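Have a look at structure-v1.pdb; it's PDB, C-alpha atoms, pLDDT in the B column:
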ATOM      1  CA  GLY A   1       0.000   0.000   0.000  1.00 35.00           C
ATOM      2  CA  GLU A   2       0.993   3.650  -0.116  1.00 40.00           C
ATOM      3  CA  SER A   3       3.198   4.745   2.733  1.00 47.00           C
ATOM      4  CA  VAL A   4       5.748   7.177   3.919  1.00 58.00           C
ATOM      5  CA  GLY A   5       8.447   5.494   5.950  1.00 54.00           C
ATOM      6  CA  LEU A   6      11.883   5.934   7.422  1.00 46.00           C
ATOM      7  CA  HIS A   7      14.937   3.702   7.141  1.00 49.00           C
ATOM      8  CA  LEU A   8      16.474   4.255  10.599  1.00 51.00           C
ATOM      9  CA  PRO A   9      14.385   4.356  13.754  1.00 85.00           C
ATOM     10  CA  THR A  10      17.218   5.739  15.941  1.00 91.00           C
ATOM     11  CA  LEU A  11      20.237   7.839  15.036  1.00 94.00           C
ATOM     12  CA  SER A  12      22.973   8.705  17.543  1.00 96.00           C
ATOM     13  CA  VAL A  13      25.509  11.357  16.604  1.00 97.00           C
ATOM     14  CA  GLN A  14      28.281  13.213  18.346  1.00 97.00           C
ATOM     15  CA  GLU A  15      27.754  16.893  19.029  1.00 98.00           C
ATOM     16  CA  GLY A  16      29.225  18.920  16.191  1.00 97.00           C
ATOM     17  CA  ASP A  17      28.858  16.164  13.609  1.00 97.00           C
ATOM     18  CA  ASN A  18      26.449  16.292  10.710  1.00 97.00           C
ATOM     19  CA  SER A  19      23.245  14.217  10.848  1.00 97.00           C
ATOM     20  CA  ILE A  20      21.379  12.652   7.960  1.00 97.00           C
ATOM     21  CA  ILE A  21      17.838  11.383   8.430  1.00 96.00           C
ATOM     22  CA  ASN A  22      16.255   9.462   5.588  1.00 94.00           C
ATOM     23  CA  CYS A  23      12.697   8.918   4.431  1.00 94.00           C
ATOM     24  CA  ALA A  24      11.175   6.797   1.666  1.00 92.00           C
ATOM     25  CA  TYR A  25       7.805   7.429   0.108  1.00 86.00           C
ATOM     26  CA  SER A  26       5.822   5.320  -2.306  1.00 78.00           C
ATOM     27  CA  ASN A  27       3.243   7.683  -3.790  1.00 85.00           C
ATOM     28  CA  SER A  28       4.754   9.165  -6.944  1.00 85.00           C
ATOM     29  CA  ALA A  29       1.852  11.637  -7.105  1.00 84.00           C
ATOM     30  CA  SER A  30       2.927  13.371  -3.884  1.00 87.00           C
ATOM     31  CA  ASP A  31       4.086  16.878  -4.655  1.00 88.00           C
ATOM     32  CA  TYR A  32       4.956  18.445  -1.332  1.00 92.00           C
ATOM     33  CA  PHE A  33       7.046  17.242   1.587  1.00 94.00           C
ATOM     34  CA  ILE A  34       7.709  18.595   5.057  1.00 95.00           C
ATOM     35  CA  TRP A  35      10.158  17.719   7.806  1.00 97.00           C
ATOM     36  CA  TYR A  36       8.913  18.154  11.370  1.00 97.00           C
ATOM     37  CA  LYS A  37      10.755  17.998  14.677  1.00 97.00           C
ATOM     38  CA  GLN A  38       8.895  16.826  17.757  1.00 97.00           C
ATOM     39  CA  GLU A  39      10.306  17.215  21.238  1.00 95.00           C
ATOM     40  CA  SER A  40       8.937  15.284  24.188  1.00 91.00           C
ATOM     41  CA  GLY A  41       5.559  16.613  25.311  1.00 89.00           C
ATOM     42  CA  LYS A  42       5.250  19.053  22.422  1.00 93.00           C
ATOM     43  CA  GLY A  43       3.529  19.237  19.073  1.00 96.00           C
ATOM     44  CA  PRO A  44       5.445  18.803  15.798  1.00 97.00           C
ATOM     45  CA  GLN A  45       7.449  21.848  14.797  1.00 96.00           C
ATOM     46  CA  PHE A  46       8.001  22.742  11.139  1.00 95.00           C
ATOM     47  CA  ILE A  47      11.637  22.563  10.042  1.00 96.00           C
ATOM     48  CA  ILE A  48      11.709  22.799   6.257  1.00 96.00           C
ATOM     49  CA  ASP A  49       9.629  21.905   3.242  1.00 95.00           C
ATOM     50  CA  ILE A  50      10.243  21.094  -0.411  1.00 96.00           C
ATOM     51  CA  ARG A  51       8.046  20.860  -3.473  1.00 93.00           C
ATOM     52  CA  SER A  52       8.366  18.162  -6.072  1.00 92.00           C
ATOM     53  CA  ASN A  53       9.716  20.567  -8.710  1.00 93.00           C
ATOM     54  CA  MET A  54      12.863  21.013  -6.594  1.00 96.00           C
ATOM     55  CA  ASP A  55      15.605  18.578  -5.603  1.00 97.00           C
ATOM     56  CA  LYS A  56      17.279  20.584  -2.857  1.00 98.00           C
ATOM     57  CA  ARG A  57      16.360  23.277  -0.411  1.00 98.00           C
ATOM     58  CA  GLN A  58      18.472  24.853   2.310  1.00 97.00           C
ATOM     59  CA  GLY A  59      17.557  26.487   5.580  1.00 95.00           C
ATOM     60  CA  GLN A  60      19.509  27.504   8.609  1.00 93.00           C
ATOM     61  CA  ARG A  61      21.765  24.487   9.353  1.00 96.00           C
ATOM     62  CA  VAL A  62      19.329  22.195   7.568  1.00 98.00           C
ATOM     63  CA  THR A  63      19.122  20.921   4.005  1.00 98.00           C
ATOM     64  CA  VAL A  64      16.423  18.761   2.476  1.00 98.00           C
ATOM     65  CA  LEU A  65      17.162  16.641  -0.576  1.00 98.00           C
ATOM     66  CA  LEU A  66      14.484  15.089  -2.757  1.00 97.00           C
ATOM     67  CA  ASN A  67      15.181  12.265  -5.191  1.00 96.00           C
ATOM     68  CA  LYS A  68      11.991  11.604  -7.116  1.00 92.00           C
ATOM     69  CA  THR A  69      13.553   8.831  -9.168  1.00 93.00           C
ATOM     70  CA  VAL A  70      13.906   6.583  -6.132  1.00 93.00           C
ATOM     71  CA  LYS A  71      11.211   8.328  -4.045  1.00 93.00           C
ATOM     72  CA  HIS A  72      13.635   9.297  -1.314  1.00 95.00           C
ATOM     73  CA  LEU A  73      13.826  12.303   0.958  1.00 96.00           C
ATOM     74  CA  SER A  74      16.587  13.228   3.390  1.00 97.00           C
ATOM     75  CA  LEU A  75      17.169  15.844   6.059  1.00 98.00           C
ATOM     76  CA  GLN A  76      20.718  16.961   6.728  1.00 98.00           C
ATOM     77  CA  ILE A  77      21.497  18.828   9.926  1.00 98.00           C
ATOM     78  CA  ALA A  78      24.884  20.526  10.045  1.00 98.00           C
ATOM     79  CA  ALA A  79      26.888  20.789  13.264  1.00 98.00           C
ATOM     80  CA  THR A  80      24.320  18.875  15.298  1.00 98.00           C
ATOM     81  CA  GLN A  81      23.651  20.296  18.743  1.00 97.00           C
ATOM     82  CA  PRO A  82      22.149  18.777  21.897  1.00 97.00           C
ATOM     83  CA  GLY A  83      19.017  20.858  21.278  1.00 96.00           C
ATOM     84  CA  ASP A  84      18.492  18.944  18.042  1.00 98.00           C
ATOM     85  CA  SER A  85      17.684  15.794  20.018  1.00 97.00           C
ATOM     86  CA  ALA A  86      14.087  14.938  19.166  1.00 97.00           C
ATOM     87  CA  VAL A  87      11.952  12.735  16.940  1.00 96.00           C
ATOM     88  CA  TYR A  88      11.998  13.770  13.290  1.00 97.00           C
ATOM     89  CA  PHE A  89       9.106  13.020  10.962  1.00 96.00           C
ATOM     90  CA  CYS A  90       8.853  13.415   7.236  1.00 95.00           C
ATOM     91  CA  ALA A  91       5.352  14.179   6.021  1.00 93.00           C
ATOM     92  CA  GLU A  92       3.923  13.843   2.566  1.00 91.00           C
ATOM     93  CA  ASN A  93       1.111  15.852   1.098  1.00 86.00           C
ATOM     94  CA  ARG A  94      -0.986  13.783  -1.254  1.00 75.00           C
ATOM     95  CA  ALA A  95      -2.283  16.307  -3.729  1.00 68.00           C
ATOM     96  CA  GLU A  96      -5.093  14.188  -5.088  1.00 69.00           C
ATOM     97  CA  TYR A  97      -6.757  14.272  -1.659  1.00 69.00           C
ATOM     98  CA  GLY A  98      -6.472  18.016  -1.153  1.00 70.00           C
ATOM     99  CA  ASN A  99      -4.527  18.834   1.977  1.00 73.00           C
ATOM    100  CA  LYS A 100      -3.968  15.379   3.436  1.00 82.00           C
ATOM    101  CA  LEU A 101      -0.661  15.424   5.278  1.00 87.00           C
ATOM    102  CA  VAL A 102       0.555  11.893   6.039  1.00 89.00           C
ATOM    103  CA  PHE A 103       3.416  11.304   8.443  1.00 93.00           C
ATOM    104  CA  GLY A 104       6.196   8.732   8.213  1.00 90.00           C
ATOM    105  CA  ALA A 105       7.213   6.499  11.114  1.00 89.00           C
ATOM    106  CA  GLY A 106       9.779   8.875  12.642  1.00 92.00           C
ATOM    107  CA  THR A 107      13.464   8.787  13.562  1.00 94.00           C
ATOM    108  CA  ILE A 108      14.793   9.442  17.028  1.00 95.00           C
ATOM    109  CA  LEU A 109      17.878  11.650  16.914  1.00 97.00           C
ATOM    110  CA  ARG A 110      20.130  11.476  19.968  1.00 96.00           C
ATOM    111  CA  VAL A 111      23.015  13.895  20.216  1.00 97.00           C
ATOM    112  CA  LYS A 112      25.900  12.865  22.455  1.00 95.00           C
ATOM    113  CA  SER A 113      27.929  15.586  24.130  1.00 90.00           C
TER     114      SER A 113
ATOM    115  CA  ASP B   1       0.373  35.574  16.398  1.00 58.00           C
ATOM    116  CA  THR B   2       1.751  32.321  14.979  1.00 65.00           C
ATOM    117  CA  GLU B   3       0.293  29.944  17.507  1.00 92.00           C
ATOM    118  CA  VAL B   4      -2.229  27.193  17.533  1.00 97.00           C
ATOM    119  CA  THR B   5      -3.657  27.007  21.043  1.00 97.00           C
ATOM    120  CA  GLN B   6      -5.219  23.829  22.403  1.00 98.00           C
ATOM    121  CA  THR B   7      -7.183  23.422  25.602  1.00 98.00           C
ATOM    122  CA  PRO B   8      -7.104  21.655  27.914  1.00 98.00           C
ATOM    123  CA  LYS B   9      -3.497  20.458  28.004  1.00 97.00           C
ATOM    124  CA  HIS B  10      -4.475  17.345  29.953  1.00 98.00           C
ATOM    125  CA  LEU B  11      -7.822  15.599  30.283  1.00 98.00           C
ATOM    126  CA  VAL B  12      -8.889  12.507  32.191  1.00 97.00           C
ATOM    127  CA  MET B  13     -12.358  11.231  31.426  1.00 96.00           C
ATOM    128  CA  GLY B  14     -14.476   8.207  32.173  1.00 95.00           C
ATOM    129  CA  MET B  15     -15.958   6.039  29.464  1.00 95.00           C
ATOM    130  CA  THR B  16     -19.439   7.467  30.062  1.00 93.00           C
ATOM    131  CA  ASN B  17     -18.345  11.109  30.067  1.00 94.00           C
ATOM    132  CA  LYS B  18     -18.836  13.742  27.384  1.00 97.00           C
ATOM    133  CA  LYS B  19     -16.011  16.210  26.914  1.00 97.00           C
ATOM    134  CA  SER B  20     -14.696  18.566  24.252  1.00 98.00           C
ATOM    135  CA  LEU B  21     -11.246  19.489  23.058  1.00 98.00           C
ATOM    136  CA  LYS B  22     -10.761  23.013  21.774  1.00 98.00           C
ATOM    137  CA  CYS B  23      -8.360  24.502  19.259  1.00 98.00           C
ATOM    138  CA  GLU B  24      -7.914  28.137  18.262  1.00 98.00           C
ATOM    139  CA  GLN B  25      -5.758  29.979  15.757  1.00 97.00           C
ATOM    140  CA  HIS B  26      -5.672  33.631  14.739  1.00 93.00           C
ATOM    141  CA  MET B  27      -3.397  33.364  11.720  1.00 94.00           C
ATOM    142  CA  GLY B  28      -6.231  33.580   9.222  1.00 93.00           C
ATOM    143  CA  HIS B  29      -5.693  29.964   8.219  1.00 94.00           C
ATOM    144  CA  ARG B  30      -8.565  28.336   6.355  1.00 92.00           C
ATOM    145  CA  ALA B  31      -7.655  24.674   6.826  1.00 92.00           C
ATOM    146  CA  MET B  32      -7.709  23.021  10.248  1.00 94.00           C
ATOM    147  CA  TYR B  33      -6.910  19.466  11.280  1.00 95.00           C
ATOM    148  CA  TRP B  34      -7.247  16.940  14.072  1.00 97.00           C
ATOM    149  CA  TYR B  35      -4.562  14.294  14.508  1.00 97.00           C
ATOM    150  CA  LYS B  36      -4.252  11.477  17.036  1.00 98.00           C
ATOM    151  CA  GLN B  37      -0.820  10.392  18.240  1.00 96.00           C
ATOM    152  CA  LYS B  38      -0.069   7.318  20.307  1.00 94.00           C
ATOM    153  CA  ALA B  39       3.211   6.961  22.155  1.00 89.00           C
ATOM    154  CA  LYS B  40       6.228   6.375  19.893  1.00 86.00           C
ATOM    155  CA  LYS B  41       4.033   6.623  16.779  1.00 91.00           C
ATOM    156  CA  PRO B  42       3.545   9.304  14.129  1.00 94.00           C
ATOM    157  CA  PRO B  43       0.491  11.558  14.172  1.00 96.00           C
ATOM    158  CA  GLU B  44      -2.473   9.972  12.390  1.00 96.00           C
ATOM    159  CA  LEU B  45      -4.882  12.201  10.533  1.00 95.00           C
ATOM    160  CA  MET B  46      -8.473  12.145  11.786  1.00 97.00           C
ATOM    161  CA  PHE B  47     -10.301  15.102  10.231  1.00 96.00           C
ATOM    162  CA  VAL B  48      -9.638  18.038   7.918  1.00 93.00           C
ATOM    163  CA  TYR B  49     -11.772  21.164   7.705  1.00 94.00           C
ATOM    164  CA  SER B  50     -11.382  23.426   4.721  1.00 91.00           C
ATOM    165  CA  TYR B  51     -13.110  26.810   4.773  1.00 92.00           C
ATOM    166  CA  GLU B  52     -15.163  25.598   7.754  1.00 95.00           C
ATOM    167  CA  LYS B  53     -16.456  22.532   5.923  1.00 94.00           C
ATOM    168  CA  LEU B  54     -15.445  18.971   6.720  1.00 95.00           C
ATOM    169  CA  SER B  55     -13.362  17.813   3.756  1.00 92.00           C
ATOM    170  CA  ILE B  56     -11.676  14.661   5.072  1.00 91.00           C
ATOM    171  CA  ASN B  57     -12.862  12.112   7.644  1.00 94.00           C
ATOM    172  CA  GLU B  58     -10.418   9.241   7.918  1.00 93.00           C
ATOM    173  CA  SER B  59     -13.103   6.718   8.909  1.00 93.00           C
ATOM    174  CA  VAL B  60     -13.007   7.917  12.493  1.00 97.00           C
ATOM    175  CA  PRO B  61     -15.522   6.278  14.895  1.00 97.00           C
ATOM    176  CA  SER B  62     -18.612   8.356  15.604  1.00 97.00           C
ATOM    177  CA  ARG B  63     -17.674   8.719  19.277  1.00 97.00           C
ATOM    178  CA  PHE B  64     -15.391  11.470  17.937  1.00 98.00           C
ATOM    179  CA  SER B  65     -17.376  14.393  16.539  1.00 98.00           C
ATOM    180  CA  PRO B  66     -15.598  17.419  15.057  1.00 98.00           C
ATOM    181  CA  GLU B  67     -17.051  20.881  14.811  1.00 98.00           C
ATOM    182  CA  CYS B  68     -15.790  24.074  13.206  1.00 97.00           C
ATOM    183  CA  PRO B  69     -17.909  26.972  14.542  1.00 96.00           C
ATOM    184  CA  ASN B  70     -15.885  29.592  12.655  1.00 95.00           C
ATOM    185  CA  SER B  71     -12.621  29.997  10.799  1.00 92.00           C
ATOM    186  CA  SER B  72     -10.597  30.399  14.015  1.00 96.00           C
ATOM    187  CA  LEU B  73     -12.028  27.592  16.117  1.00 98.00           C
ATOM    188  CA  LEU B  74     -12.053  23.832  15.916  1.00 98.00           C
ATOM    189  CA  ASN B  75     -13.625  21.508  18.469  1.00 98.00           C
ATOM    190  CA  LEU B  76     -13.515  17.764  18.955  1.00 98.00           C
ATOM    191  CA  HIS B  77     -16.460  16.404  20.927  1.00 98.00           C
ATOM    192  CA  LEU B  78     -15.843  13.150  22.753  1.00 98.00           C
ATOM    193  CA  HIS B  79     -18.473  10.712  23.951  1.00 96.00           C
ATOM    194  CA  ALA B  80     -18.354   7.117  25.179  1.00 96.00           C
ATOM    195  CA  LEU B  81     -14.646   6.747  24.543  1.00 96.00           C
ATOM    196  CA  GLN B  82     -12.641   3.599  25.186  1.00 97.00           C
ATOM    197  CA  PRO B  83      -9.348   3.282  27.070  1.00 97.00           C
ATOM    198  CA  GLU B  84      -7.578   2.657  23.753  1.00 97.00           C
ATOM    199  CA  ASP B  85      -8.575   6.170  22.701  1.00 98.00           C
ATOM    200  CA  SER B  86      -6.082   7.522  25.221  1.00 98.00           C
ATOM    201  CA  ALA B  87      -3.530   9.483  23.208  1.00 97.00           C
ATOM    202  CA  LEU B  88      -2.172  12.926  22.400  1.00 98.00           C
ATOM    203  CA  TYR B  89      -4.675  14.829  20.266  1.00 98.00           C
ATOM    204  CA  LEU B  90      -3.071  17.413  18.043  1.00 98.00           C
ATOM    205  CA  CYS B  91      -4.709  20.286  16.254  1.00 98.00           C
ATOM    206  CA  ALA B  92      -3.073  21.958  13.259  1.00 96.00           C
ATOM    207  CA  SER B  93      -3.863  24.722  10.815  1.00 95.00           C
ATOM    208  CA  SER B  94      -2.554  25.805   7.429  1.00 92.00           C
ATOM    209  CA  PRO B  95      -3.121  28.853   5.233  1.00 89.00           C
ATOM    210  CA  ASP B  96      -5.197  27.085   2.630  1.00 76.00           C
ATOM    211  CA  ASN B  97      -6.078  23.709   1.348  1.00 61.00           C
ATOM    212  CA  TYR B  98      -3.113  22.933  -0.840  1.00 70.00           C
ATOM    213  CA  ASP B  99       0.588  22.336  -0.376  1.00 73.00           C
ATOM    214  CA  THR B 100       1.218  24.575   2.563  1.00 81.00           C
ATOM    215  CA  GLU B 101       2.885  23.853   5.877  1.00 87.00           C
ATOM    216  CA  ALA B 102       0.696  22.951   8.802  1.00 91.00           C
ATOM    217  CA  PHE B 103       1.319  24.574  12.193  1.00 94.00           C
ATOM    218  CA  PHE B 104       0.648  22.362  15.187  1.00 96.00           C
ATOM    219  CA  GLY B 105      -0.568  23.057  18.673  1.00 97.00           C
ATOM    220  CA  GLN B 106       0.991  21.448  21.737  1.00 97.00           C
ATOM    221  CA  GLY B 107      -1.752  18.888  21.964  1.00 97.00           C
ATOM    222  CA  THR B 108      -4.190  17.618  24.571  1.00 98.00           C
ATOM    223  CA  ARG B 109      -3.044  14.555  26.481  1.00 97.00           C
ATOM    224  CA  LEU B 110      -6.222  12.488  26.881  1.00 98.00           C
ATOM    225  CA  THR B 111      -6.565   9.592  29.294  1.00 98.00           C
ATOM    226  CA  VAL B 112      -9.736   7.500  29.247  1.00 97.00           C
ATOM    227  CA  VAL B 113     -10.355   5.523  32.418  1.00 96.00           C
TER     228      VAL B 113
END
Written form, structure tokens:
Amino acid sequence: GESVGLHLPTLSVQEGDNSIINCAYSNSASDYFIWYKQESGKGPQFIIDIRSNMDKRQGQRVTVLLNKTVKHLSLQIAATQPGDSAVYFCAENRAEYGNKLVFGAGTILRVKS
Amino acid sequence: DTEVTQTPKHLVMGMTNKKSLKCEQHMGHRAMYWYKQKAKKPPELMFVYSYEKLSINESVPSRFSPECPNSSLLNLHLHALQPEDSALYLCASSPDNYDTEAFFGQGTRLTVV
């Protein structure tokens, strides 16, 4: 069936290193993707988004890459900090359903000091 | 104001109780959402309102009843819930109904006893 999923459930990185969180999606009709960060006890917080007519987008310390050929999305965090520790979700907007934002399984990022 | 405000933050209710969750935003957003999130799982879409009309119902049981009184408010009425309905209920809003980021509230932690 259609799904948005993640390859790695938990990622541990050393403070100062770069982090890469991956996401696979199966619906080739999806045209908009978002990365969210969720800290314990809080709602998801928008990090960065990308539309399907782009393959890369950069923000402050974060970069999202989109490979439509293999239906793969990644989030790169530069110089990871302890405050980056959280669960990261990719979300896919399925255009044929209007605004139906579907979340992937999530990756736990742990930053070691 | 870039916030989505949810009340209450915590709610404990019995299986015979009737309660309501409330969500408010003053960003002028025209799409509003209810999500349910169980521990260590991604948010699952329940309902989407677009321009105050219900546009998506993800086959949610009738013991959950959404209501959108105006463009700033979204309610979720609860009746005869089961213990397995205990979860974090998240409200979100977005500017319109297509390919735009959704802003999330902090959620209501619901416990059904």
> Got a sec: who's within 10 Å of A:Asn67, counting all atoms listed in the file, leaving out chain neighbours fewer than 2 positions off, as a list of chain:residue names?
Replying inline: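 Everything that qualifies: A:Ala24, A:Ser52, A:Met54, A:Asp55, A:Lys56, A:Leu65, A:Thr69, A:Val70, A:Lys71, A:His72, A:Leu73, A:Ser74.
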Using all atoms listed in the file, I'd like a table of the residues in chain B that come within 8 Å of chain A; for each, show the closest atom pair and its distance in Å rounded to one decimal, ordered by chain and ascending number, as a Markdown table.
| residue | atom | partner | partner_atom | distance |
| --- | --- | --- | --- | --- |
| B:Lys41 | CA | A:Ala105 | CA | 6.5 |
| B:Pro42 | CA | A:Ala105 | CA | 5.5 |
| B:Pro43 | CA | A:Phe103 | CA | 6.4 |
| B:Glu44 | CA | A:Phe103 | CA | 7.2 |
| B:Leu45 | CA | A:Val102 | CA | 7.1 |
| B:Val48 | CA | A:Lys100 | CA | 7.7 |
| B:Ile56 | CA | A:Lys100 | CA | 7.9 |
| B:Leu90 | CA | A:Gly43 | CA | 6.9 |
| B:Asn97 | CA | A:Asn99 | CA | 5.2 |
| B:Tyr98 | CA | A:Asn99 | CA | 5.2 |
| B:Asp99 | CA | A:Tyr32 | CA | 5.9 |
| B:Glu101 | CA | A:Ile34 | CA | 7.2 |
| B:Ala102 | CA | A:Phe46 | CA | 7.7 |
| B:Phe103 | CA | A:Phe46 | CA | 7.0 |
| B:Phe104 | CA | A:Gly43 | CA | 5.8 |
| B:Gly105 | CA | A:Gly43 | CA | 5.6 |
| B:Gln106 | CA | A:Gly43 | CA | 4.3 |
| B:Gly107 | CA | A:Gly43 | CA | 6.0 |
>> Once the PyMOL selection byres ((chain B and resi 7) around 10) has been evaluated on this model, what residues remain selected, and can you format them as a ChimeraX atom specification?
In response: /B:5-6,8-11,20-24,75,105-109
> Any chance you could work out the residue set of the PyMOL selection byres ((chain A and resi 113) around 10) here, as a list in words?
Replying inline: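 Checking the PyMOL selection byres ((chain A and resi 113) around 10) against this file, the residues are Val13, Gln14, Glu15, Gly16, Gln81, Pro82, Arg110, Val111 and Lys112 of chain A.
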Could you save those same residues with C-alpha atoms as an mmCIF file, in the coordinates of the input?
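Below you can see part-v9.cif, which holds the result:
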data_model
loop_
_atom_site.group_PDB
_atom_site.id
_atom_site.type_symbol
_atom_site.label_atom_id
_atom_site.label_comp_id
_atom_site.auth_asym_id
_atom_site.auth_seq_id
_atom_site.Cartn_x
_atom_site.Cartn_y
_atom_site.Cartn_z
ATOM 1 C CA VAL A 13 25.509 11.357 16.604
ATOM 2 C CA GLN A 14 28.281 13.213 18.346
ATOM 3 C CA GLU A 15 27.754 16.893 19.029
ATOM 4 C CA GLY A 16 29.225 18.920 16.191
ATOM 5 C CA GLN A 81 23.651 20.296 18.743
ATOM 6 C CA PRO A 82 22.149 18.777 21.897
ATOM 7 C CA ARG A 110 20.130 11.476 19.968
ATOM 8 C CA VAL A 111 23.015 13.895 20.216
ATOM 9 C CA LYS A 112 25.900 12.865 22.455
#
>> One number please: atom CA of B:Thr16 to atom CA of B:Asn70, in Å, one decimal.
In response: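 Result for atom CA of B:Thr16 versus atom CA of B:Asn70: 28.4 Å, one decimal.
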> Just how far from atom CA of B:Tyr33 is atom CA of A:Ile77, in Å to one decimal?
Replying inline: 28.4 Å
> So, counting all atoms listed in the file, which residue among B:Thr111, B:Asn17, B:Ser93, B:Thr100 is closest to B:Tyr35?
Replying inline: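 Nearest to B:Tyr35: B:Ser93.
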>> What does the structure give for the distance between atom CA of B:Glu52 and atom CA of B:His79, in Å to one decimal?
In response: 22.2 Å
> Could you spell out the hits of the PyMOL selection byres ((chain B and resi 86) around 8) on the shown file, as a PyMOL selection string?
Replying inline: chain B and resi 38+82-85+87-88+109-112
Per-axis box centre and lengths in Å around stretch 50-58 of chain A, 5 Å margin per side, axis-aligned, as AutoDock Vina command-line options:
--center_x 13.3 --center_y 21.5 --center_z -3.2 --size_x 20.4 --size_y 16.7 --size_z 21.0
> Which residues come within 7 Å of A:Thr63, counting all atoms listed in the file, excluding same-chain residues fewer than 2 positions away, as a list in words?
Replying inline: Arg57, Gln58, Gly59, Arg61, Leu65, Leu75, Gln76 and Ile77 of chain A
>> Which residues are close to B:Leu78, i.e. within 7 Å by only C-alpha atoms, leaving aside same-chain residues fewer than 6 positions away? Reply as a PyMOL selection string.
In response: chain B and resi 18-20+63-65
Take the residues from that selection and put them in a file with C-alpha atoms, as a JSON list (two decimals), in the coordinates of the input.
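Wrote it out as out.json, contents follow:
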[["chain", "number", "residue", "atom", "x", "y", "z"],
["B", 18, "LYS", "CA", -18.84, 13.74, 27.38],
["B", 19, "LYS", "CA", -16.01, 16.21, 26.91],
["B", 20, "SER", "CA", -14.70, 18.57, 24.25],
["B", 63, "ARG", "CA", -17.67, 8.72, 19.28],
["B", 64, "PHE", "CA", -15.39, 11.47, 17.94],
["B", 65, "SER", "CA", -17.38, 14.39, 16.54]]
